[in-house]
>>> print(open('structure25.cif').read())   # mmCIF, C-alpha atoms
data_my_file
loop_
_atom_site.label_atom_id
_atom_site.label_comp_id
_atom_site.auth_asym_id
_atom_site.auth_seq_id
_atom_site.Cartn_x
_atom_site.Cartn_y
_atom_site.Cartn_z
CA MET Z 1 100.28 137.67 63.39
CA CYS Z 2 98.63 135.09 65.71
CA ASN Z 3 101.15 135.81 68.48
CA PHE Z 4 100.50 139.53 68.12
CA TRP Z 5 96.77 139.10 68.73
CA ILE Z 6 97.35 136.79 71.70
CA ILE Z 7 99.65 139.37 73.31
CA PHE Z 8 97.18 142.16 72.48
CA LEU Z 9 94.27 140.31 74.09
CA LEU Z 10 96.32 139.39 77.16
CA CYS Z 11 97.37 143.02 77.64
CA LYS Z 12 93.76 144.13 77.28
CA LEU Z 13 92.61 141.57 79.85
CA ILE Z 14 95.30 142.61 82.35
CA LYS Z 15 94.39 146.28 81.87
CA GLU Z 16 90.71 145.51 82.54
CA LEU Z 17 91.49 143.47 85.64
CA MET Z 18 93.66 146.22 87.10
CA SER Z 19 91.31 149.10 86.26
CA GLU Z 20 89.82 151.06 89.15
CA ASP Z 21 86.31 149.83 88.44
CA ARG Z 22 87.45 146.34 89.29
CA TRP Z 23 87.51 147.45 92.91
CA ALA Z 24 85.07 150.35 93.06
CA LEU Z 25 82.34 152.06 91.07
CA THR Z 26 82.48 155.77 90.38
CA THR Z 27 78.98 157.04 91.15
CA TRP Z 28 76.06 156.29 93.43
CA GLN Z 29 73.93 155.46 90.40
CA ASP Z 30 76.56 152.94 89.29
CA ALA Z 31 76.45 151.35 92.73
CA LEU Z 32 72.65 151.15 92.70
CA LYS Z 33 72.59 149.41 89.34
CA TRP Z 34 75.34 147.04 90.41
CA CYS Z 35 73.47 146.08 93.57
CA LYS Z 36 70.23 145.50 91.66
CA ASP Z 37 72.06 143.12 89.34
CA ARG Z 38 73.70 141.31 92.25
CA ASN Z 39 70.36 140.98 94.03
CA LYS Z 40 69.01 139.19 90.95
CA GLU Z 41 71.74 136.60 91.56
CA ASN Z 42 70.61 136.26 95.21
CA ILE Z 43 73.66 138.18 96.45
CA ARG Z 44 73.12 140.81 99.13
CA CYS Z 45 75.32 143.92 98.97
CA THR Z 46 77.22 145.96 101.53
CA ILE Z 47 77.73 149.45 100.11
CA ASP Z 48 80.79 151.49 101.06
CA ALA Z 49 80.84 155.20 100.22
CA LEU Z 50 84.59 155.64 99.81
CA GLY Z 51 86.33 158.21 101.97
CA GLU Z 52 88.37 157.78 105.14
CA ASP Z 53 90.77 159.70 107.41
CA VAL Z 54 88.58 162.79 106.98
CA ASN Z 55 89.83 165.98 108.68
CA SER Z 56 87.15 168.45 107.53
CA ASN Z 57 83.85 169.11 109.30
CA GLU Z 58 82.31 169.93 105.93
CA GLN Z 59 83.30 166.53 104.54
CA VAL Z 60 81.88 164.77 107.60
CA ILE Z 61 78.56 166.62 107.33
CA ASN Z 62 78.32 165.74 103.64
CA THR Z 63 79.10 162.10 104.41
CA VAL Z 64 76.39 161.87 107.07
CA ASP Z 65 73.80 163.57 104.84
CA ASN Z 66 74.70 161.35 101.88
CA TYR Z 67 74.36 158.15 103.90
CA ILE Z 68 70.87 159.19 104.98
CA GLU Z 69 69.76 160.16 101.47
CA ASN Z 70 71.27 157.03 99.93
CA ALA Z 71 69.53 154.86 102.50
CA LYS Z 72 66.20 156.42 101.51
CA THR Z 73 66.88 155.34 97.92
CA VAL Z 74 67.84 151.81 98.95
CA ARG Z 75 64.64 151.57 100.96
CA SER Z 76 62.37 153.00 98.26
CA LYS Z 77 63.85 150.81 95.52
CA LYS Z 78 63.75 147.71 97.77
CA ILE Z 79 67.41 146.89 97.25
CA ASP Z 80 68.84 144.17 99.48
CA ALA Z 81 71.81 146.11 100.84
CA SER Z 82 73.35 147.50 103.98
CA PHE Z 83 75.91 150.29 104.36
CA ALA Z 84 79.48 149.95 105.61
CA LEU Z 85 80.77 152.81 107.75
CA LYS Z 86 84.31 153.82 108.66
CA LEU Z 87 84.55 155.94 111.80
CA THR Z 88 87.37 158.03 110.33
CA ALA Z 89 84.84 159.15 107.70
CA LEU Z 90 82.51 160.34 110.48
CA GLY Z 91 85.01 162.53 112.31
CA ALA Z 92 87.11 160.17 114.44
CA ASN Z 93 90.22 162.17 113.46
CA ILE Z 94 88.53 165.43 114.48
CA ASP Z 95 86.74 164.68 117.74
CA GLN Z 96 85.66 161.29 119.06
CA LYS Z 97 82.52 162.60 120.76
CA TYR Z 98 81.55 164.31 117.52
CA CYS Z 99 82.14 161.05 115.62
CA LYS Z 100 79.87 159.10 117.99
CA GLN Z 101 77.13 161.70 117.60
CA ASN Z 102 77.34 161.34 113.82
CA LEU Z 103 77.18 157.56 113.99
CA LEU Z 104 74.18 157.63 116.33
CA LYS Z 105 72.45 160.09 114.02
CA ILE Z 106 72.99 157.74 111.07
CA TYR Z 107 71.69 154.81 113.12
CA GLU Z 108 68.56 156.72 114.07
CA GLU Z 109 67.80 157.91 110.53
CA VAL Z 110 69.03 154.94 108.49
CA ASN Z 111 68.43 151.93 110.68
CA ASN Z 112 65.65 152.92 113.06
CA LYS Z 113 63.50 154.93 110.63
CA LEU Z 114 64.33 153.22 107.34
CA SER Z 115 65.26 149.69 108.51
CA VAL Z 116 68.43 149.69 106.39
CA GLY Z 117 71.32 147.77 107.92
CA LEU Z 118 74.63 149.30 109.01
CA GLU Z 119 78.00 147.60 109.38
CA ILE Z 120 81.03 149.13 111.09
CA ASP Z 121 84.37 148.53 109.36
CA MET Z 122 87.43 148.06 111.53
CA GLU Z 123 90.36 150.27 110.53
CA GLY Z 124 94.01 150.43 111.61
CA THR Z 125 95.17 149.59 115.14
CA PRO Z 126 95.07 153.21 116.45
CA PHE Z 127 91.27 153.12 116.06
CA VAL Z 128 90.48 149.65 117.41
CA ASP Z 129 89.77 150.69 121.01
CA PHE Z 130 87.63 153.62 119.93
CA THR Z 131 85.72 151.49 117.42
CA ILE Z 132 84.95 148.80 120.02
CA GLU Z 133 83.87 151.42 122.56
CA THR Z 134 81.62 153.16 120.03
CA VAL Z 135 80.01 149.96 118.80
CA LEU Z 136 79.29 148.88 122.38
CA GLU Z 137 77.59 152.21 122.96
CA CYS Z 138 75.39 151.64 119.91
CA ALA Z 139 74.55 148.14 121.12
CA ASN Z 140 73.68 149.48 124.58
CA GLN Z 141 71.17 151.80 122.89
CA LYS Z 142 69.60 148.71 121.28
CA TYR Z 143 70.78 149.47 117.74
CA PRO Z 144 71.55 146.31 115.72
CA VAL Z 145 75.28 146.38 115.04
CA THR Z 146 77.51 144.42 112.70
CA LEU Z 147 81.24 144.84 113.37
CA ALA Z 148 84.26 143.71 111.37
CA LEU Z 149 86.89 141.98 113.52
CA GLN Z 150 90.38 141.13 112.28
CA ALA Z 151 91.91 137.69 112.86
CA TYR Z 152 95.50 138.99 112.71
CA LEU Z 153 95.13 140.94 115.98
CA ASP Z 154 96.03 139.22 119.26
CA ARG Z 155 93.09 140.87 121.01
CA THR Z 156 90.37 139.67 118.63
CA MET Z 157 89.23 136.65 120.64
CA ASP Z 158 88.49 138.90 123.63
CA ASP Z 159 86.83 141.52 121.42
CA MET Z 160 84.72 138.86 119.77
CA ASN Z 161 83.53 137.46 123.08
CA ARG Z 162 82.51 140.97 124.14
CA ALA Z 163 80.67 141.41 120.86
CA ILE Z 164 78.79 138.14 121.32
CA GLU Z 165 77.87 139.00 124.92
CA ASN Z 166 76.45 142.36 123.76
CA GLY Z 167 74.47 141.08 120.79
CA ILE Z 168 76.85 142.48 118.18
CA LYS Z 169 77.00 140.55 114.92
CA VAL Z 170 80.56 139.76 113.79
CA ARG Z 171 81.96 140.01 110.28
CA LEU Z 172 85.20 138.06 110.66
CA VAL Z 173 88.04 139.05 108.30
CA LYS Z 174 91.76 138.37 108.22
CA GLY Z 175 92.67 142.07 108.22
CA ALA Z 176 93.79 144.55 105.57
CA TYR Z 177 95.95 146.98 107.57
CA PHE Z 178 98.82 145.90 109.85
CA GLY Z 179 98.26 143.39 112.65
CA ASN Z 180 100.21 141.48 115.28
CA THR Z 181 101.23 138.75 112.84
CA GLU Z 182 101.72 138.50 109.10
CA ASP Z 183 102.25 134.72 109.14
CA PHE Z 184 99.74 133.33 106.64
CA THR Z 185 99.17 129.93 108.28
CA GLU Z 186 99.00 131.49 111.75
CA ILE Z 187 96.24 133.84 110.59
CA GLN Z 188 94.41 130.90 109.02
CA SER Z 189 94.64 129.03 112.34
CA ARG Z 190 93.34 132.02 114.29
CA PHE Z 191 90.51 132.44 111.81
CA ARG Z 192 89.38 128.83 112.27
CA LYS Z 193 89.48 129.12 116.08
CA LEU Z 194 87.38 132.29 115.96
CA VAL Z 195 84.85 130.60 113.68
CA GLU Z 196 84.61 127.68 116.13
CA VAL Z 197 83.75 130.07 118.96
CA LEU Z 198 81.09 131.78 116.85
CA LEU Z 199 79.59 128.41 115.97
CA GLU Z 200 79.53 127.30 119.61
CA SER Z 201 77.89 130.59 120.59
CA ASN Z 202 75.00 129.83 118.21
CA VAL Z 203 74.98 133.36 116.73
CA ASP Z 204 74.67 134.48 113.12
CA PHE Z 205 77.90 135.84 111.66
CA CYS Z 206 79.66 136.73 108.42
CA ILE Z 207 82.92 135.32 107.09
CA GLY Z 208 84.86 137.80 104.96
CA THR Z 209 87.63 135.92 103.15
CA HIS Z 210 88.89 135.03 99.67
CA ASP Z 211 91.17 132.29 100.98
CA PRO Z 212 90.13 129.16 99.04
CA GLU Z 213 91.41 126.91 101.84
CA LEU Z 214 89.27 128.64 104.47
CA ILE Z 215 86.25 128.73 102.18
CA GLU Z 216 86.62 125.00 101.52
CA TRP Z 217 87.02 124.34 105.26
CA VAL Z 218 83.84 126.26 106.08
CA ARG Z 219 81.90 124.52 103.31
CA GLY Z 220 82.83 121.15 104.77
CA HIS Z 221 83.08 121.84 108.48
CA CYS Z 222 80.10 124.17 108.88
CA ILE Z 223 77.53 122.68 106.49
CA GLU Z 224 75.17 121.91 109.39
CA ASN Z 225 75.34 125.61 110.33
CA ILE Z 226 74.57 126.90 106.85
CA ASP Z 227 71.76 129.17 108.08
CA GLN Z 228 74.07 130.74 110.66
CA ILE Z 229 76.75 131.94 108.24
CA GLU Z 230 77.03 134.50 105.46
CA PHE Z 231 80.02 134.59 103.14
CA GLY Z 232 81.13 138.17 102.45
CA LEU Z 233 83.34 138.73 99.41
CA LEU Z 234 84.62 141.86 97.70
CA LYS Z 235 83.63 143.34 94.39
CA GLY Z 236 86.40 142.43 91.97
CA LEU Z 237 87.25 139.07 93.52
CA GLY Z 238 85.71 135.62 93.74
CA ASP Z 239 82.82 136.01 91.28
CA LYS Z 240 82.73 132.28 90.45
CA THR Z 241 82.94 131.46 94.14
CA LYS Z 242 80.02 133.76 94.98
CA LEU Z 243 77.74 132.02 92.50
CA MET Z 244 78.93 128.57 93.58
CA LEU Z 245 78.12 129.36 97.21
CA VAL Z 246 74.70 130.76 96.30
CA ASN Z 247 73.93 127.60 94.32
CA GLU Z 248 74.89 125.50 97.33
CA GLY Z 249 72.42 127.41 99.50
CA TRP Z 250 74.83 129.65 101.42
CA LYS Z 251 74.01 133.29 102.17
CA VAL Z 252 76.38 135.52 100.20
CA SER Z 253 77.07 139.25 100.26
CA GLU Z 254 79.33 141.44 98.15
CA TYR Z 255 81.19 144.51 99.44
CA VAL Z 256 80.54 147.28 96.88
CA PRO Z 257 82.57 150.51 97.22
CA PHE Z 258 81.82 153.60 95.17
CA GLY Z 259 83.22 157.12 94.85
CA THR Z 260 86.28 158.90 93.54
CA GLU Z 261 88.47 158.61 96.67
CA VAL Z 262 89.55 155.12 95.73
CA GLU Z 263 93.34 155.23 96.23
CA ALA Z 264 93.60 153.99 99.84
CA TYR Z 265 91.10 151.22 99.23
CA LYS Z 266 92.69 150.22 95.92
CA PHE Z 267 96.14 150.15 97.57
CA ARG Z 268 94.96 147.64 100.19
CA ARG Z 269 93.40 145.39 97.55
CA GLU Z 270 96.46 145.38 95.31
CA ARG Z 271 98.81 144.85 98.26
CA TYR Z 272 96.70 141.81 99.17
CA LEU Z 273 97.14 140.35 95.68
CA LYS Z 274 100.86 141.09 95.72
CA ASP Z 275 101.27 139.40 99.11
CA LEU Z 276 99.44 136.34 97.81
CA ASN Z 277 101.61 136.29 94.71
CA ASP Z 278 104.76 136.47 96.86
CA LEU Z 279 103.48 133.40 98.72
CA GLY Z 280 102.69 131.55 95.50
CA ARG Z 281 98.97 131.64 96.27
CA LEU Z 282 95.83 132.79 94.50
CA PRO Z 283 92.51 134.11 95.83
CA ALA Z 284 89.32 132.14 95.33
CA PRO Z 285 88.27 132.35 91.66
#
>>> encode(input="structure25.cif", output="structure tokens")
Amino acid sequence: MCNFWIIFLLCKLIKELMSEDRWALTTWQDALKWCKDRNKENIRCTIDALGEDVNSNEQVINTVDNYIENAKTVRSKKIDASFALKLTALGANIDQKYCKQNLLKIYEEVNNKLSVGLEIDMEGTPFVDFTIETVLECANQKYPVTLALQAYLDRTMDDMNRAIENGIKVRLVKGAYFGNTEDFTEIQSRFRKLVEVLLESNVDFCIGTHDPELIEWVRGHCIENIDQIEFGLLKGLGDKTKLMLVNEGWKVSEYVPFGTEVEAYKFRRERYLKDLNDLGRLPAP
């Protein structure tokens, strides 16, 4: 009987860990409540309204309108959160000029008028050039920009230097699509080199990783730069690590997706865990 209950509880735990709400919340109200609770723990949030690779003008218009309305709520309720944007959700697959117009509209309404932060997610390699070009255009118009850059791309050092030169804040990640290398230790090495450049440039930046070795390296190597760095972790991973970092005085943010179009995002997260398992590794607890 004892063994039965142990197996039952283990199965229940595994089911809970692999449920969709591990990675994403269903509704905007769920996301708001989640962010309020995280703020109480001194964790800032980056909210992602799920939806990418959009091919419908109607969907794009709804996305733009929803970002603006949601930002009004964040502002009125004094929630410490920014919004993550994917350019394929703003029409990059339809027309690049149209996509830029939508992004600039969101910047004007959300950032300029409401003072709510915006962060641009980097997507797959076909969109890297366009994303860099678009972000530079926003920076040239004096909008504050945060851009995700992926350590597994050969070009990232050059892109990062351009970002620094143009006042663009970097959120450095390993990469969740397909890059120029899949070698785990090589990506770690690139990540460290990119962090060193950011430190030497004396700019604020965000580190998005669940690699316990990299987190430990930053905690030791960058302690004198604690005010310069924010750790960005995902909802569904690293909860103990988030609180540990907060208690040590680091700035911490959590990436909080919401919506029903969760499959692509969920696939990337579960592939990440599978790849780690294949390497005999675990993410930060």
>>> resolve_selection(input="structure25.cif", expression="the PyMOL selection byres ((chain Z and resi 142) around 12)", output="NGL selection string")
:Z and (104 or 107-108 or 111-112 or 135-141 or 143-145 or 166-168)
>>> residues_around(input="structure25.cif", residues="Gln188 of chain Z", least_positions_apart="3", cutoff="10 Å", atoms="all atoms listed in the file", output="PyMOL selection string")
chain Z and resi 151-152+174+183-185+191-194+211+213-214
>>> closest_residue(input="structure25.cif", among="Z:Glu119, Z:Glu133, Z:Glu270, Z:Asp227", to="Cys45 of chain Z", atoms="all atoms listed in the file")
Z:Glu119
>>> resolve_selection(input="structure25.cif", expression="the PyMOL selection byres ((chain Z and resi 122) around 8)", output="PyMOL selection string")
chain Z and resi 86+120-121+123-124+127-128+131+147-150
>>> residues_around(input="structure25.cif", residues="Thr260 of chain Z", least_positions_apart="4", cutoff="9 Å", atoms="all atoms listed in the file", output="mmCIF file with C-alpha atoms, in the frame of the given file")
data_model
loop_
_atom_site.group_PDB
_atom_site.id
_atom_site.type_symbol
_atom_site.label_atom_id
_atom_site.label_comp_id
_atom_site.auth_asym_id
_atom_site.auth_seq_id
_atom_site.Cartn_x
_atom_site.Cartn_y
_atom_site.Cartn_z
ATOM 1 C CA ALA Z 24 85.070 150.350 93.060
ATOM 2 C CA LEU Z 25 82.340 152.060 91.070
ATOM 3 C CA THR Z 26 82.480 155.770 90.380
ATOM 4 C CA THR Z 27 78.980 157.040 91.150
ATOM 5 C CA LEU Z 50 84.590 155.640 99.810
ATOM 6 C CA GLY Z 51 86.330 158.210 101.970
#
>>> atom_distance(input="structure25.cif", atom1="atom CA of Trp250 of chain Z", atom2="atom CA of Phe231 of chain Z")
7.4 Å
>>> atom_distance(input="structure25.cif", atom1="atom CA of Thr46 of chain Z", atom2="atom CA of Arg171 of chain Z")
11.6 Å
>>> atom_distance(input="structure25.cif", atom1="atom CA of Leu234 of chain Z", atom2="atom CA of Glu165 of chain Z")
28.2 Å
>>> residues_around(input="structure25.cif", residues="segment 244-246 of chain Z", least_positions_apart="2", cutoff="10 Å", atoms="all atoms listed in the file", output="PyMOL selection string")
chain Z and resi 41-43+215+219+230-231+238-242+248-253
>>> resolve_selection(input="structure25.cif", expression="the PyMOL selection byres ((chain Z and resi 80) around 8)", output="CSV table (one decimal) with C-alpha atoms, in the coordinates of the input")
chain,number,residue,atom,x,y,z
Z,35,CYS,CA,73.5,146.1,93.6
Z,39,ASN,CA,70.4,141.0,94.0
Z,44,ARG,CA,73.1,140.8,99.1
Z,45,CYS,CA,75.3,143.9,99.0
Z,74,VAL,CA,67.8,151.8,99.0
Z,78,LYS,CA,63.8,147.7,97.8
Z,79,ILE,CA,67.4,146.9,97.2
Z,81,ALA,CA,71.8,146.1,100.8
Z,82,SER,CA,73.4,147.5,104.0
>>> closest_residue(input="structure25.cif", among="Z:Met157, Z:Ser201, Z:Glu254, Z:Pro283", to="Asp37 of chain Z", atoms="all atoms listed in the file")
Z:Glu254
>>> residues_around(input="structure25.cif", residues="Lys100 of chain Z", least_positions_apart="3", cutoff="9 Å", atoms="all atoms listed in the file", output="ChimeraX atom specification")
/Z:87,90-92,95-97,103-105,134,137-138
>>> closest_residue(input="structure25.cif", among="Z:Ala89, Z:Ile47, Z:Val60, Z:Val173", to="Val116 of chain Z", atoms="only C-alpha atoms")
Z:Ile47
>>> closest_residue(input="structure25.cif", among="Z:Thr209, Z:Asn55, Z:Lys169, Z:Asn93", to="Ile187 of chain Z", atoms="all atoms listed in the file")
Z:Thr209
>>> closest_residue(input="structure25.cif", among="Z:Pro285, Z:Asp278, Z:Thr146, Z:Val262", to="Ala163 of chain Z", atoms="only C-alpha atoms")
Z:Thr146
>>> closest_residue(input="structure25.cif", among="Z:Ile106, Z:Ile94, Z:Leu114, Z:Cys99", to="Thr73 of chain Z", atoms="only C-alpha atoms")
Z:Leu114
>>> residues_around(input="structure25.cif", residues="Tyr67 of chain Z", least_positions_apart="4", cutoff="9 Å", atoms="all atoms listed in the file", output="short mmCIF file (atom, residue, chain, number, x, y, z; two decimals) with C-alpha atoms, in the frame of the given file")
data_model
loop_
_atom_site.label_atom_id
_atom_site.label_comp_id
_atom_site.auth_asym_id
_atom_site.auth_seq_id
_atom_site.Cartn_x
_atom_site.Cartn_y
_atom_site.Cartn_z
CA ALA Z 49 80.84 155.20 100.22
CA ASN Z 62 78.32 165.74 103.64
CA THR Z 63 79.10 162.10 104.41
CA ALA Z 71 69.53 154.86 102.50
CA LYS Z 72 66.20 156.42 101.51
CA PHE Z 83 75.91 150.29 104.36
CA ILE Z 106 72.99 157.74 111.07
CA VAL Z 110 69.03 154.94 108.49
#
>>> build_atoms(input="structure25.cif", residues="segment 79-105 of chain Z", atoms="N, CA and C atoms", output="PDB file, in the frame of the given file")
ATOM      1  N   ILE Z  79      66.140 147.554  97.521  1.00  0.00           N
ATOM      2  CA  ILE Z  79      67.410 146.890  97.250  1.00  0.00           C
ATOM      3  C   ILE Z  79      67.888 146.178  98.507  1.00  0.00           C
ATOM      4  N   ASP Z  80      68.351 144.962  98.348  1.00  0.00           N
ATOM      5  CA  ASP Z  80      68.840 144.170  99.480  1.00  0.00           C
ATOM      6  C   ASP Z  80      70.297 144.570  99.740  1.00  0.00           C
ATOM      7  N   ALA Z  81      70.460 145.580 100.584  1.00  0.00           N
ATOM      8  CA  ALA Z  81      71.810 146.110 100.840  1.00  0.00           C
ATOM      9  C   ALA Z  81      71.864 146.787 102.190  1.00  0.00           C
ATOM     10  N   SER Z  82      73.034 146.730 102.779  1.00  0.00           N
ATOM     11  CA  SER Z  82      73.350 147.500 103.980  1.00  0.00           C
ATOM     12  C   SER Z  82      74.446 148.492 103.609  1.00  0.00           C
ATOM     13  N   PHE Z  83      74.834 149.325 104.587  1.00  0.00           N
ATOM     14  CA  PHE Z  83      75.910 150.290 104.360  1.00  0.00           C
ATOM     15  C   PHE Z  83      77.063 150.008 105.312  1.00  0.00           C
ATOM     16  N   ALA Z  84      78.284 150.062 104.786  1.00  0.00           N
ATOM     17  CA  ALA Z  84      79.480 149.950 105.610  1.00  0.00           C
ATOM     18  C   ALA Z  84      79.948 151.354 105.988  1.00  0.00           C
ATOM     19  N   LEU Z  85      80.334 151.506 107.247  1.00  0.00           N
ATOM     20  CA  LEU Z  85      80.770 152.810 107.750  1.00  0.00           C
ATOM     21  C   LEU Z  85      82.176 152.698 108.327  1.00  0.00           C
ATOM     22  N   LYS Z  86      83.006 153.694 108.018  1.00  0.00           N
ATOM     23  CA  LYS Z  86      84.310 153.820 108.660  1.00  0.00           C
ATOM     24  C   LYS Z  86      84.257 155.029 109.591  1.00  0.00           C
ATOM     25  N   LEU Z  87      84.682 154.857 110.830  1.00  0.00           N
ATOM     26  CA  LEU Z  87      84.550 155.940 111.800  1.00  0.00           C
ATOM     27  C   LEU Z  87      85.447 157.133 111.463  1.00  0.00           C
ATOM     28  N   THR Z  88      86.536 156.893 110.726  1.00  0.00           N
ATOM     29  CA  THR Z  88      87.370 158.030 110.330  1.00  0.00           C
ATOM     30  C   THR Z  88      86.677 158.894 109.272  1.00  0.00           C
ATOM     31  N   ALA Z  89      85.630 158.355 108.645  1.00  0.00           N
ATOM     32  CA  ALA Z  89      84.840 159.150 107.700  1.00  0.00           C
ATOM     33  C   ALA Z  89      83.780 159.973 108.422  1.00  0.00           C
ATOM     34  N   LEU Z  90      83.557 159.661 109.698  1.00  0.00           N
ATOM     35  CA  LEU Z  90      82.510 160.340 110.480  1.00  0.00           C
ATOM     36  C   LEU Z  90      83.093 161.280 111.521  1.00  0.00           C
ATOM     37  N   GLY Z  91      84.405 161.536 111.435  1.00  0.00           N
ATOM     38  CA  GLY Z  91      85.010 162.530 112.310  1.00  0.00           C
ATOM     39  C   GLY Z  91      85.880 162.007 113.419  1.00  0.00           C
ATOM     40  N   ALA Z  92      86.278 160.736 113.366  1.00  0.00           N
ATOM     41  CA  ALA Z  92      87.110 160.170 114.440  1.00  0.00           C
ATOM     42  C   ALA Z  92      88.456 160.892 114.543  1.00  0.00           C
ATOM     43  N   ASN Z  93      88.953 161.423 113.433  1.00  0.00           N
ATOM     44  CA  ASN Z  93      90.220 162.170 113.460  1.00  0.00           C
ATOM     45  C   ASN Z  93      90.047 163.582 114.007  1.00  0.00           C
ATOM     46  N   ILE Z  94      88.794 164.061 114.047  1.00  0.00           N
ATOM     47  CA  ILE Z  94      88.530 165.430 114.480  1.00  0.00           C
ATOM     48  C   ILE Z  94      88.195 165.483 115.959  1.00  0.00           C
ATOM     49  N   ASP Z  95      87.190 164.709 116.352  1.00  0.00           N
ATOM     50  CA  ASP Z  95      86.740 164.680 117.740  1.00  0.00           C
ATOM     51  C   ASP Z  95      85.923 163.414 117.941  1.00  0.00           C
ATOM     52  N   GLN Z  96      86.310 162.589 118.907  1.00  0.00           N
ATOM     53  CA  GLN Z  96      85.660 161.290 119.060  1.00  0.00           C
ATOM     54  C   GLN Z  96      84.203 161.417 119.495  1.00  0.00           C
ATOM     55  N   LYS Z  97      83.910 162.391 120.352  1.00  0.00           N
ATOM     56  CA  LYS Z  97      82.520 162.600 120.760  1.00  0.00           C
ATOM     57  C   LYS Z  97      81.671 163.003 119.569  1.00  0.00           C
ATOM     58  N   TYR Z  98      82.224 163.869 118.735  1.00  0.00           N
ATOM     59  CA  TYR Z  98      81.550 164.310 117.520  1.00  0.00           C
ATOM     60  C   TYR Z  98      81.297 163.125 116.589  1.00  0.00           C
ATOM     61  N   CYS Z  99      82.280 162.235 116.457  1.00  0.00           N
ATOM     62  CA  CYS Z  99      82.140 161.050 115.620  1.00  0.00           C
ATOM     63  C   CYS Z  99      80.997 160.162 116.125  1.00  0.00           C
ATOM     64  N   LYS Z 100      80.938 159.930 117.425  1.00  0.00           N
ATOM     65  CA  LYS Z 100      79.870 159.100 117.990  1.00  0.00           C
ATOM     66  C   LYS Z 100      78.503 159.717 117.724  1.00  0.00           C
ATOM     67  N   GLN Z 101      78.405 161.027 117.863  1.00  0.00           N
ATOM     68  CA  GLN Z 101      77.130 161.700 117.600  1.00  0.00           C
ATOM     69  C   GLN Z 101      76.703 161.486 116.146  1.00  0.00           C
ATOM     70  N   ASN Z 102      77.661 161.552 115.237  1.00  0.00           N
ATOM     71  CA  ASN Z 102      77.340 161.340 113.820  1.00  0.00           C
ATOM     72  C   ASN Z 102      76.887 159.913 113.566  1.00  0.00           C
ATOM     73  N   LEU Z 103      77.568 158.953 114.181  1.00  0.00           N
ATOM     74  CA  LEU Z 103      77.180 157.560 113.990  1.00  0.00           C
ATOM     75  C   LEU Z 103      75.787 157.300 114.550  1.00  0.00           C
ATOM     76  N   LEU Z 104      75.497 157.827 115.731  1.00  0.00           N
ATOM     77  CA  LEU Z 104      74.180 157.630 116.330  1.00  0.00           C
ATOM     78  C   LEU Z 104      73.091 158.296 115.490  1.00  0.00           C
ATOM     79  N   LYS Z 105      73.407 159.436 114.898  1.00  0.00           N
ATOM     80  CA  LYS Z 105      72.450 160.090 114.020  1.00  0.00           C
ATOM     81  C   LYS Z 105      72.139 159.212 112.808  1.00  0.00           C
TER      82      LYS Z 105
END
